[in-house]
Each structure stands twice: as C-alpha cells, then as structure tokens.
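Heads up, model-v6.cif below (mmCIF, C-alpha atoms and all ligand atoms):
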```cif
data_query
#
loop_
_atom_site.label_atom_id
_atom_site.label_comp_id
_atom_site.auth_asym_id
_atom_site.auth_seq_id
_atom_site.Cartn_x
_atom_site.Cartn_y
_atom_site.Cartn_z
CA MET A 13 0.00 0.00 0.00
CA GLN A 14 2.87 2.36 0.77
CA ARG A 15 4.19 1.94 -2.78
CA GLU A 16 0.75 2.00 -4.38
CA LEU A 17 -0.27 5.27 -2.70
CA SER A 18 3.22 6.82 -2.25
CA LEU A 19 2.57 7.06 1.49
CA ASP A 20 4.96 9.15 3.54
CA ILE A 21 6.27 6.70 6.17
CA LYS A 22 9.52 6.96 8.13
CA TRP A 23 10.70 3.39 8.69
CA ASN A 24 13.27 4.05 11.41
CA GLY A 25 11.88 1.76 14.12
CA SER A 26 10.98 2.73 17.67
CA LEU A 27 12.78 2.99 20.99
CA GLU A 28 11.02 2.57 24.32
CA TRP A 29 12.37 2.89 27.83
CA SER A 30 11.29 3.91 31.29
CA SER A 31 12.93 5.69 34.19
CA ALA A 32 10.91 3.70 36.76
CA MET A 33 12.45 0.32 37.61
CA LYS A 34 9.05 -1.45 37.85
CA ASP A 35 7.97 -0.28 34.38
CA GLN A 36 11.39 -1.11 32.99
CA GLU A 37 11.06 -4.69 34.30
CA LYS A 38 7.62 -4.98 32.68
CA LEU A 39 9.07 -3.87 29.36
CA ILE A 40 11.81 -6.50 29.53
CA GLU A 41 9.22 -9.15 30.42
CA SER A 42 7.17 -8.17 27.36
CA VAL A 43 10.20 -8.47 25.08
CA ASN A 44 11.02 -11.90 26.53
CA GLU A 45 7.44 -13.00 25.93
CA LEU A 46 7.50 -11.68 22.37
CA GLN A 47 10.78 -13.47 21.66
CA SER A 48 9.34 -16.77 22.90
CA TYR A 49 6.94 -16.92 19.93
CA PRO A 50 8.12 -18.97 16.93
CA LYS A 51 7.77 -15.83 14.79
CA TYR A 52 8.01 -12.26 16.03
CA THR A 53 8.82 -8.80 14.72
CA PRO A 54 12.52 -8.01 15.27
CA THR A 55 12.67 -6.59 18.80
CA SER A 56 15.77 -6.42 20.97
CA ILE A 57 17.12 -4.75 24.09
CA ILE A 58 19.95 -2.33 23.46
CA GLY A 59 22.06 -0.08 25.68
CA HIS A 60 22.29 3.70 25.60
CA LYS A 61 25.50 3.73 23.52
CA LYS A 62 23.87 1.84 20.66
CA ALA A 63 20.65 3.84 21.04
CA LYS A 64 22.65 7.07 20.82
CA LYS A 65 23.85 6.08 17.36
CA LEU A 66 20.21 5.86 16.26
CA GLU A 67 19.10 8.96 18.13
CA PRO A 68 22.01 11.35 18.77
CA HIS A 69 19.78 14.06 20.28
CA ILE A 70 17.97 11.89 22.83
CA ASN A 71 19.05 11.78 26.45
CA PHE A 72 18.85 8.12 27.50
CA ARG A 73 20.43 8.85 30.90
CA GLY A 74 22.67 5.79 30.80
CA ASN A 75 19.74 3.38 30.43
CA GLU A 76 20.98 -0.11 29.47
CA ASN A 77 17.54 -1.59 28.72
CA ILE A 78 16.09 0.25 25.76
CA ILE A 79 13.61 -1.68 23.64
CA PHE A 80 14.41 -1.35 19.97
CA SER A 81 11.61 -2.43 17.63
CA LYS A 82 13.24 -2.27 14.25
CA ALA A 83 10.16 -2.75 12.08
CA ASP A 84 8.13 0.20 13.41
CA GLY A 85 7.45 3.27 11.32
CA ALA A 86 5.62 6.58 11.63
CA ILE A 87 3.15 7.75 9.03
CA ASN A 88 1.97 11.25 8.18
CA PRO A 89 -1.77 10.74 8.84
CA LYS A 90 -3.12 13.82 7.04
CA ASP A 91 -1.16 12.98 3.93
CA ALA A 92 -2.24 9.31 4.13
CA ILE A 93 -5.92 10.18 4.57
CA SER A 94 -5.95 12.56 1.63
CA LYS A 95 -4.21 9.99 -0.61
CA MET A 96 -6.68 7.28 0.47
CA ILE A 97 -9.64 9.57 -0.27
CA ASP A 98 -8.23 10.26 -3.75
CA VAL A 99 -8.00 6.53 -4.46
CA ILE A 100 -11.51 5.86 -3.14
CA LYS A 101 -12.86 8.54 -5.52
CA LYS A 102 -10.75 7.31 -8.42
CA ASN A 103 -12.30 3.85 -7.94
CA GLY A 104 -15.85 5.18 -8.03
CA GLY A 105 -16.46 5.54 -4.29
CA SER A 106 -17.49 8.73 -2.55
CA VAL A 107 -16.54 10.37 0.71
CA LEU A 108 -19.08 12.54 2.52
CA TYR A 109 -17.47 15.02 4.89
CA PRO A 110 -18.44 16.58 7.19
CA CYS A 111 -21.27 14.15 7.80
CA LYS A 112 -22.55 13.30 11.26
CA PHE A 113 -24.16 9.96 12.07
CA GLU A 114 -27.35 10.60 14.05
CA LYS A 115 -29.22 7.33 14.54
CA ILE A 116 -30.05 3.92 13.17
CA ILE A 117 -33.53 3.97 11.64
CA GLU A 118 -33.82 0.34 10.61
CA SER A 119 -31.39 -2.57 10.74
CA ASN A 120 -31.53 -6.25 9.80
CA ASP A 121 -29.26 -8.94 8.32
CA SER A 122 -29.62 -7.56 4.78
CA PHE A 123 -29.25 -3.79 5.24
CA SER A 124 -29.20 -0.88 7.64
CA LYS A 125 -30.72 2.55 7.20
CA VAL A 126 -29.09 5.39 9.11
CA LYS A 127 -29.96 9.03 9.61
CA THR A 128 -27.07 11.43 9.09
CA SER A 129 -26.62 15.19 8.83
CA MET A 130 -26.61 14.67 5.05
CA GLY A 131 -29.79 12.67 4.90
CA ILE A 132 -30.78 9.02 5.16
CA LEU A 133 -28.28 6.43 3.88
CA LYS A 134 -29.00 2.76 3.26
CA SER A 135 -26.28 0.11 3.00
CA GLU A 136 -25.62 -3.63 3.22
CA ASN A 137 -22.78 -2.79 5.61
CA VAL A 138 -22.53 0.07 8.07
CA ILE A 139 -19.21 0.12 9.95
CA PHE A 140 -19.01 2.08 13.17
CA CYS A 141 -15.44 3.21 13.84
CA ASN A 142 -16.46 6.39 15.62
CA GLY A 143 -14.24 6.03 18.71
CA VAL A 144 -15.70 7.34 21.95
CA ASP A 145 -19.08 7.88 20.26
CA VAL A 146 -19.75 4.14 19.85
CA ASP A 147 -21.63 3.91 23.17
CA ASN A 148 -23.97 6.75 22.16
CA SER A 149 -24.59 5.23 18.73
CA PHE A 150 -26.01 2.01 20.19
CA ASN A 151 -27.04 3.20 23.61
CA VAL A 152 -24.64 0.68 25.20
CA ASN A 153 -21.85 0.70 27.78
CA PHE A 154 -18.92 -0.91 26.00
CA LEU A 155 -16.38 1.73 26.94
CA LYS A 156 -14.75 3.04 30.09
CA LYS A 157 -15.05 6.76 30.76
CA PRO A 158 -12.83 8.15 27.96
CA ARG A 159 -9.47 9.52 29.11
CA PRO A 160 -8.26 12.76 27.53
CA GLY A 161 -4.63 13.14 26.44
CA VAL A 162 -2.69 16.14 25.17
CA ILE A 163 -1.02 16.06 21.77
CA ILE A 164 1.31 18.85 20.66
CA LYS A 165 2.38 19.48 17.08
CA THR A 166 5.34 21.81 16.64
CA LYS A 167 6.23 24.06 13.74
CA PRO A 168 8.69 22.39 11.34
CA GLN A 169 12.22 22.37 12.75
CA LYS A 170 15.67 20.88 12.20
CA ASN A 171 15.98 17.12 12.41
CA LEU A 172 16.06 15.98 16.05
CA ILE A 173 14.25 12.61 16.11
CA ASN A 174 14.64 9.76 13.62
CA SER A 175 12.43 7.00 15.05
CA VAL A 176 9.40 6.86 17.34
CA VAL A 177 10.72 7.52 20.84
CA TYR A 178 8.63 6.39 23.79
CA GLY A 179 10.41 7.69 26.88
CA PRO A 180 9.49 8.87 30.36
CA LYS A 181 6.19 10.85 30.40
CA ILE A 182 5.97 11.48 26.64
CA HIS A 183 6.35 9.87 23.24
CA ALA A 184 7.40 11.70 20.11
CA HIS A 185 8.27 11.40 16.45
CA GLN A 186 9.24 13.86 13.77
CA GLN A 187 7.59 13.88 10.38
CA SER A 188 9.43 14.37 7.12
CA ASN A 189 8.31 18.03 6.99
CA GLY A 190 10.12 18.64 10.31
CA GLN A 191 7.01 18.84 12.54
CA ILE A 192 7.42 17.01 15.86
CA ILE A 193 4.31 15.27 17.23
CA ILE A 194 4.36 14.71 20.99
CA GLY A 195 1.82 12.69 22.94
CA GLU A 196 1.62 12.62 26.70
CA GLN A 197 1.24 9.36 28.58
CA ILE A 198 -0.86 10.61 31.48
CA THR A 199 -4.51 11.59 31.47
CA ALA A 200 -4.58 15.31 30.75
CA PRO A 201 -5.08 17.34 33.94
CA ILE A 202 -8.47 18.79 32.97
CA LYS A 203 -8.20 21.82 35.22
CA GLU A 204 -5.13 23.06 33.37
CA ASN A 205 -5.25 25.27 30.30
CA THR A 206 -3.31 25.20 27.02
CA LYS A 207 -0.46 27.29 28.44
CA ASP A 208 -0.02 24.88 31.38
CA HIS A 209 -0.06 21.87 29.02
CA ILE A 210 2.67 23.43 26.87
CA LYS A 211 4.77 24.33 29.93
CA ARG A 212 4.47 20.81 31.42
CA ILE A 213 5.18 18.96 28.18
CA ASN A 214 8.00 21.35 27.25
CA LYS A 215 9.73 20.40 30.52
CA HIS A 216 9.45 16.66 29.74
CA PHE A 217 10.52 17.23 26.14
CA LYS A 218 13.62 19.19 27.15
CA SER A 219 14.55 16.49 29.61
CA MET A 220 14.30 13.84 26.88
CA VAL A 221 15.51 15.71 23.78
CA LYS A 222 18.67 17.77 23.78
CA SER A 223 17.34 20.50 21.53
CA GLY A 224 18.43 23.51 23.55
CA THR A 225 15.25 25.33 22.56
CA ASP A 226 11.67 25.46 23.82
CA LEU A 227 8.89 23.71 21.94
CA ASN A 228 7.35 25.89 19.27
CA PRO A 229 3.78 24.52 19.04
CA SER A 230 1.61 24.99 15.99
CA GLU A 231 -1.28 23.02 17.53
CA VAL A 232 -2.20 21.82 21.03
CA LEU A 233 -4.94 19.20 20.87
CA ILE A 234 -6.90 17.08 23.31
CA GLY A 235 -7.56 13.55 22.11
CA TRP A 236 -10.10 11.26 23.77
CA ARG A 237 -8.95 7.68 24.16
CA PRO A 238 -11.67 5.12 23.38
CA ILE A 239 -10.97 2.41 25.97
CA PRO A 240 -13.15 -0.74 26.00
CA LYS A 241 -14.39 -1.91 29.42
CA ASP A 242 -11.98 -4.90 29.46
CA ASP A 243 -9.19 -3.01 27.59
CA LEU A 244 -9.44 -5.36 24.60
CA PRO A 245 -10.48 -4.27 21.09
CA ILE A 246 -14.16 -4.55 20.15
CA ILE A 247 -14.40 -5.78 16.56
CA GLY A 248 -17.20 -7.53 14.73
CA LYS A 249 -20.87 -7.67 13.86
CA PHE A 250 -23.26 -6.05 16.26
CA LYS A 251 -26.51 -8.02 16.67
CA ASN A 252 -27.05 -8.41 12.90
CA LYS A 253 -24.99 -8.84 9.75
CA SER A 254 -25.28 -5.31 8.39
CA VAL A 255 -23.80 -3.50 11.43
CA TYR A 256 -20.09 -3.81 12.23
CA ILE A 257 -18.11 -2.18 15.06
CA ALA A 258 -14.38 -1.52 15.33
CA VAL A 259 -13.22 0.39 18.40
CA MET A 260 -10.08 0.05 20.50
CA HIS A 261 -7.27 1.76 22.28
CA SER A 262 -3.85 1.42 20.69
CA GLY A 263 -5.81 1.81 17.49
CA ILE A 264 -2.74 3.39 15.88
CA SER A 265 -0.44 0.43 16.50
CA LEU A 266 -3.22 -1.98 15.55
CA ALA A 267 -4.50 -0.03 12.53
CA ALA A 268 -2.71 -2.02 9.83
CA ILE A 269 -3.64 -5.51 11.04
CA VAL A 270 -7.17 -4.55 12.10
CA GLY A 271 -7.79 -2.78 8.78
CA ASN A 272 -6.68 -5.89 6.97
CA LEU A 273 -8.75 -8.36 9.03
CA VAL A 274 -11.89 -6.21 9.02
CA THR A 275 -11.68 -5.84 5.23
CA GLN A 276 -11.48 -9.63 4.88
CA GLU A 277 -14.46 -10.14 7.18
CA ILE A 278 -16.65 -7.63 5.37
CA VAL A 279 -15.59 -8.01 1.75
CA ASP A 280 -14.93 -11.77 1.70
CA GLU A 281 -17.58 -12.57 4.33
CA VAL A 282 -15.25 -14.77 6.39
CA ASP A 283 -14.97 -14.95 10.17
CA SER A 284 -11.38 -14.34 11.19
CA LEU A 285 -10.21 -16.72 13.93
CA LEU A 286 -7.77 -14.05 15.06
CA LEU A 287 -10.68 -11.82 16.04
CA LYS A 288 -12.72 -14.41 17.92
CA ASP A 289 -11.80 -13.07 21.39
CA PHE A 290 -12.73 -9.50 20.53
CA ARG A 291 -16.39 -9.74 19.51
CA PRO A 292 -18.94 -7.17 20.75
CA SER A 293 -21.15 -10.08 21.84
CA ARG A 294 -18.98 -10.60 24.94
CA PHE A 295 -20.76 -7.60 26.46
CA PHE A 296 -24.33 -8.81 26.07
C1 LIG A 301 -2.97 11.36 23.75
C2 LIG A 301 -3.22 10.03 23.09
C3 LIG A 301 -2.15 9.19 22.87
C4 LIG A 301 -2.35 7.97 22.23
N1 LIG A 301 -1.26 7.19 22.00
C5 LIG A 301 -1.41 6.07 21.31
C6 LIG A 301 -0.27 5.28 20.94
O1 LIG A 301 0.87 5.60 21.28
N2 LIG A 301 -0.48 4.15 20.22
C7 LIG A 301 -1.72 3.76 19.83
O2 LIG A 301 -1.83 2.75 19.15
N3 LIG A 301 -2.82 4.46 20.18
C8 LIG A 301 -2.70 5.61 20.90
N4 LIG A 301 -3.82 6.34 21.23
C9 LIG A 301 -5.14 5.78 20.96
C10 LIG A 301 -5.56 5.95 19.55
O3 LIG A 301 -5.54 7.32 19.22
C11 LIG A 301 -6.97 5.37 19.37
O4 LIG A 301 -6.96 4.01 19.73
C12 LIG A 301 -7.40 5.48 17.92
O5 LIG A 301 -7.41 6.83 17.52
C13 LIG A 301 -8.76 4.86 17.70
O6 LIG A 301 -9.05 4.97 16.34
P1 LIG A 301 -10.53 5.00 15.80
O7 LIG A 301 -10.45 5.29 14.34
O8 LIG A 301 -11.22 3.79 16.28
O9 LIG A 301 -11.22 6.23 16.57
P2 LIG A 301 -10.89 7.77 16.50
O10 LIG A 301 -9.48 8.03 16.10
O11 LIG A 301 -11.37 8.34 17.81
O12 LIG A 301 -11.80 8.29 15.33
C14 LIG A 301 -13.21 8.33 15.45
C15 LIG A 301 -13.73 9.29 14.39
O13 LIG A 301 -15.16 9.20 14.36
C16 LIG A 301 -15.66 10.51 14.26
N5 LIG A 301 -17.03 10.52 14.84
C17 LIG A 301 -17.40 10.39 16.13
N6 LIG A 301 -18.72 10.44 16.25
C18 LIG A 301 -19.22 10.61 14.99
C19 LIG A 301 -20.54 10.72 14.46
N7 LIG A 301 -21.62 10.67 15.25
N8 LIG A 301 -20.68 10.89 13.13
C20 LIG A 301 -19.59 10.93 12.31
N9 LIG A 301 -18.32 10.81 12.75
C21 LIG A 301 -18.13 10.65 14.10
C22 LIG A 301 -14.70 11.37 15.07
O14 LIG A 301 -14.81 12.74 14.66
C23 LIG A 301 -13.37 10.75 14.69
O15 LIG A 301 -12.85 11.32 13.51
C24 LIG A 301 -3.65 7.57 21.86
C25 LIG A 301 -4.74 8.42 22.09
C26 LIG A 301 -4.53 9.63 22.70
C27 LIG A 301 -5.71 10.53 22.93
#
```

How does this structure look as structure tokens?
Ligand SMILES: Cc1cc2nc3c(=O)[nH]c(=O)nc-3n(C[C@H](O)[C@H](O)[C@H](O)COP(=O)(O)OP(=O)(O)OC[C@H]3O[C@@H](n4cnc5c(N)ncnc54)[C@H](O)[C@@H]3O)c2cc1C
Amino acid sequence: MQRELSLDIKWNGSLEWSSAMKDQEKLIESVNELQSYPKYTPTSIIGHKKAKKLEPHINFRGNENIIFSKADGAINPKDAISKMIDVIKKNGGSVLYPCKFEKIIESNDSFSKVKTSMGILKSENVIFCNGVDVDNSFNVNFLKKPRPGVIIKTKPQKNLINSVVYGPKIHAHQQSNGQIIIGEQITAPIKENTKDHIKRINKHFKSMVKSGTDLNPSEVLIGWRPIPKDDLPIIGKFKNKSVYIAVMHSGISLAAIVGNLVTQEIVDEVDSLLLKDFRPSRFF
C-alpha cells in the first residue's frame, strides 16, 4: 500500500524505555514473551551507547535496557488520509465530509438505514469506527469513561528525532516536513489550560531531547482515548450482519492488522479466527 499510494512513512523503528524500575522490568518481560513466539517482529534490548547512534539528540540517561523495535514506522496521517480519499474517488467511491451519524432507523441482516446530517443512507454494511461515540450510537456501555490526552504538534524544525521515541512521560516522532508530534502518557489534567499543558510537556521534552530550545507549538490538541471496558479491542458484527463495530485503544499500533482483518471479514464474508476473542457479543 505504501508503494501503491506513495505514502509518507519513516521506517526508522521505535525505541522505548522507562525511568521507573518497575515499568522497565515490565518492558523487559514483554520483550522476553514476544521473543518466545516462533515468529516475532525483530525486537531487541539495546544499551544507551547503541541507542545514541540511532538517536544522537535523545538523552537516555545511561539506560541499558532500551527496547528497539526495528520494524516500526511513523506515518503522516493527514497525507495518508488525503491519498486514500483520492484513491476511493478514483475507484468510483465517494466520501461525505463533514457528515454526522445521528441514529439507526432500521437494521436487519440484509441492510441498515441510518440518519445522518446529510440525509438518510441505506447500505448492506454500516461500519461504526467512531471512537468514543460508539456507546452513544447504540445506547450501550462498552467503553470506560474516555481519558483525555494532550497532543502537541510543533512548527517544522531541524531534524532531532529519527524514530518513534517512547520515553518517560511522553512519546514523540518527527515527520518528514520537520514537525514534531508529541503525545503525553498521562490523562490530561483537565483543570489546566493550554499554556499549562505546553509548559508541562515542554519540561518533559527538554529532559528527553537535547534541543536547547523550547517547543514551538503549531497546535495543542486534546484527544479522547476510546478504551473498551476490558481493555481489549471490540471488533465484529453487532446483533445483525449489516452492522459492524471496530473500536479500540492502541488503534494506531493496531491499525494495519485490524484494517486488513476487518476488510477480509466484510468483503470476503469470512470470520477471522484471530478476532474471535474480541467480539462485541462478549458484552451482552
Ligand atoms: C494522547 C493520546 C495518545 C495515544 N497514543 C497512542 C499510541 O501511542 N499508540 C496507539 O496505538 N494508540 C494511541 N492512542 C489511541 C488511539 O488514538 C486510538 O486508539 C485510535 O485513535 C482509535 O481509532 P478510531 O479510528 O477507532 O477512533 P478515532 O481516532 O477516535 O476516530 C473516530 C472518528 O469518528 C468521528 N465521529 C465520532 N462520532 C461521529 C458521528 N456521530 N458521526 C460521524 N463521525 C463521528 C470522530 O470525529 C473521529 O474522527 C492515543 C490516544 C490519545 C488521545
């Protein structure tokens, strides 16, 4: 797909480490578990000297247990979405935006009819991948109370980060246009304002990245994490064949495999064994 759509992806892997001993031990345990499978993506534990060669501007503080996942990459989502929309249109599809789903009018195994801000739409398959709004759509309680998280995008700047770095308090990557995207690991303190968020994250960033300068944000966003009640993805038909749900946290990491499996289930009408533990039916 990358070649077909000329997607902008930086394939420089990812590095993950923690400053807390307990979290560090958990990370090592996860790598050991991963390596015990007959087949696994290339993941190893490297020391700060080796990590420094990959990321000269990152301060690893002498950490000897840095998880290096060589096969990871970071995509430019806006660019990817616009290229995907172009291909959908080129192949005869259409994209309605902005278009708000309002309610299901009628639904059975053959079709569903839904009311949207652009009128009533009827389809053999309606797929709900509307994040934290899934509960409202079906009047159900599949999700935990959504947790907000701050995301900062900087103005383009000189190259500081090559891979995806997941360090203490924050994770960050730099896109090919020089913009750095930083996500915070904690739930955003809701009482704080944009200025406080920038100040707090700037402090963590400067402790992780030796840039010498303050963050120069172009956007400060709050994202709402859709977290299923049991933390596992919710993927599959909902009550009848024409309604399908896909909602999860870590939806970024899982996007490629989930996209692939969901396509097979819907287009080829097969039930994927890999998805059998994640069906919506476990909640009712
Ligand atoms: C700060 C932060 C950090 C994160 N870090 C990571 C990470 O490191 N790795 C990882 O894998 N995941 C991470 N996540 C989680 C990840 O962002 C989500 O799992 C993922 O975005 C879920 O994708 P989705 O497409 O299911 O839902 P979303 O990305 O939430 O998209 C849902 C879409 O549906 C639209 N929508 C909602 N209601 C309606 C409606 N009624 N009508 C029409 N459209 C509607 C919304 O506008 C939105 O565009 C993070 C999230 C946050 C907030």

Starting from 6 Å padding per side, set up an axis-aligned box that covers all listed atoms of ligand LIG 301 (chain A) and hand over centre and edge lengths in Å, one decimal, as AutoDock Vina command-line options.
```
--center_x -10.4 --center_y 7.7 --center_z 18.0 --size_x 34.5 --size_y 22.0 --size_z 23.4
```

Got a sec: who's within 8 Å of range 266-283 of chain A, counting all atoms listed in the file, leaving out chain neighbours fewer than 3 positions off, as a short mmCIF file (atom, residue, chain, number, x, y, z; two decimals) with C-alpha atoms, in the frame of the given file?
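Dumped everything to result.cif:
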```
data_model
loop_
_atom_site.label_atom_id
_atom_site.label_comp_id
_atom_site.auth_asym_id
_atom_site.auth_seq_id
_atom_site.Cartn_x
_atom_site.Cartn_y
_atom_site.Cartn_z
CA ASN A 137 -22.78 -2.79 5.61
CA ILE A 247 -14.40 -5.78 16.56
CA GLY A 248 -17.20 -7.53 14.73
CA SER A 262 -3.85 1.42 20.69
CA GLY A 263 -5.81 1.81 17.49
CA LEU A 287 -10.68 -11.82 16.04
#
```

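Here CA of Lys241 in chain A stands at a distance of 4.8 Å from CA of Leu155 in chain A.
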
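The point (-33.2, 9.4, 10.5) has these residues within 10 Å of it, counting all atoms listed in the file: Phe113, Glu114, Lys115, Ile116, Ile117, Glu118, Lys125, Val126, Lys127, Thr128, Ser129, Gly131, Ile132 and Leu133 of chain A.
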
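Proximity to Val177 in chain A was assessed for A:Ala92, A:Ile193, A:Val255, A:Cys141 counting all atoms listed in the file; the smallest distance is recorded for A:Ile193.
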
Exercise for the section: Using all atoms listed in the file, find the one residue out of A:Met96, A:Ile192, A:Leu233, A:Ala83 that sits nearest to Pro160 in chain A. Expected result: A:Leu233

Exercise for the section: Identify, counting all atoms listed in the file, the protein, DNA and RNA residues located within 7 Å of ligand LIG 301 (chain A), and give them as number ranges by chain. Expected result: A: 111-114, 141-145, 160-163, 195-197, 234-238, 258-266

Problem - Near-range 70-80 of chain A list (9 Å; only C-alpha atoms; drop same-chain fewer than 5 positions) as JSON, numbers by chain - result: {"A": [25, 26, 27, 28, 29, 30, 31, 36, 39, 40, 43, 54, 55, 56, 57, 58, 59, 60, 61, 63, 64, 172, 173, 177, 179, 219, 220, 221, 222, 223]}

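Of the listed residues (A:Asp289, A:Val138, A:Gln186, A:Ser175), A:Val138 comes nearest to Tyr256 in chain A; the distances count all atoms listed in the file.
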
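What separates CA of Leu285 in chain A from CA of Tyr49 in chain A is a distance of 18.2 Å.
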
Exercise for the section: Could you check how far CA of Asp226 in chain A sits from CA of Thr199 in chain A, in Å to one decimal? Expected result: 22.6 Å

Exercise for the section: Find the residues around Ile213 in chain A up to 8 Å (only C-alpha atoms counted), leave out those fewer than 3 positions away in its own chain, and share them as a list of chain:residue names. Expected result: A:Ile182, A:Glu196, A:His209, A:Ile210, A:His216, A:Phe217

Got time to write the residues from that selection, C-alpha atoms, as a PDB file, keeping the file's coordinate frame?
```
ATOM      1  CA  ILE A 182       5.970  11.480  26.640  1.00  0.00           C
ATOM      2  CA  GLU A 196       1.620  12.620  26.700  1.00  0.00           C
ATOM      3  CA  HIS A 209      -0.060  21.870  29.020  1.00  0.00           C
ATOM      4  CA  ILE A 210       2.670  23.430  26.870  1.00  0.00           C
ATOM      5  CA  HIS A 216       9.450  16.660  29.740  1.00  0.00           C
ATOM      6  CA  PHE A 217      10.520  17.230  26.140  1.00  0.00           C
TER       7      PHE A 217
END
```

Exercise for the section: Compute the distance from (0.9, 22.0, 19.3) to each atom, counting all atoms listed in the file, keep the residues with any atom at most 7 Å away, and return them as a PyMOL selection string; use the coordinates of the file. Expected result: chain A and resi 163-166+229-233

Exercise for the section: Select, from A:Asp84, A:Asp35, A:Glu67, A:Asp147, the residue with the minimum atom-to-atom distance to Asn171 in chain A, counting all atoms listed in the file. Expected result: A:Glu67

Exercise for the section: Point out the residue among A:Asn24, A:Ser135, A:Asn44, A:Ser293 with the least atom-to-atom distance to Lys82 in chain A, counting all atoms listed in the file. Expected result: A:Asn24
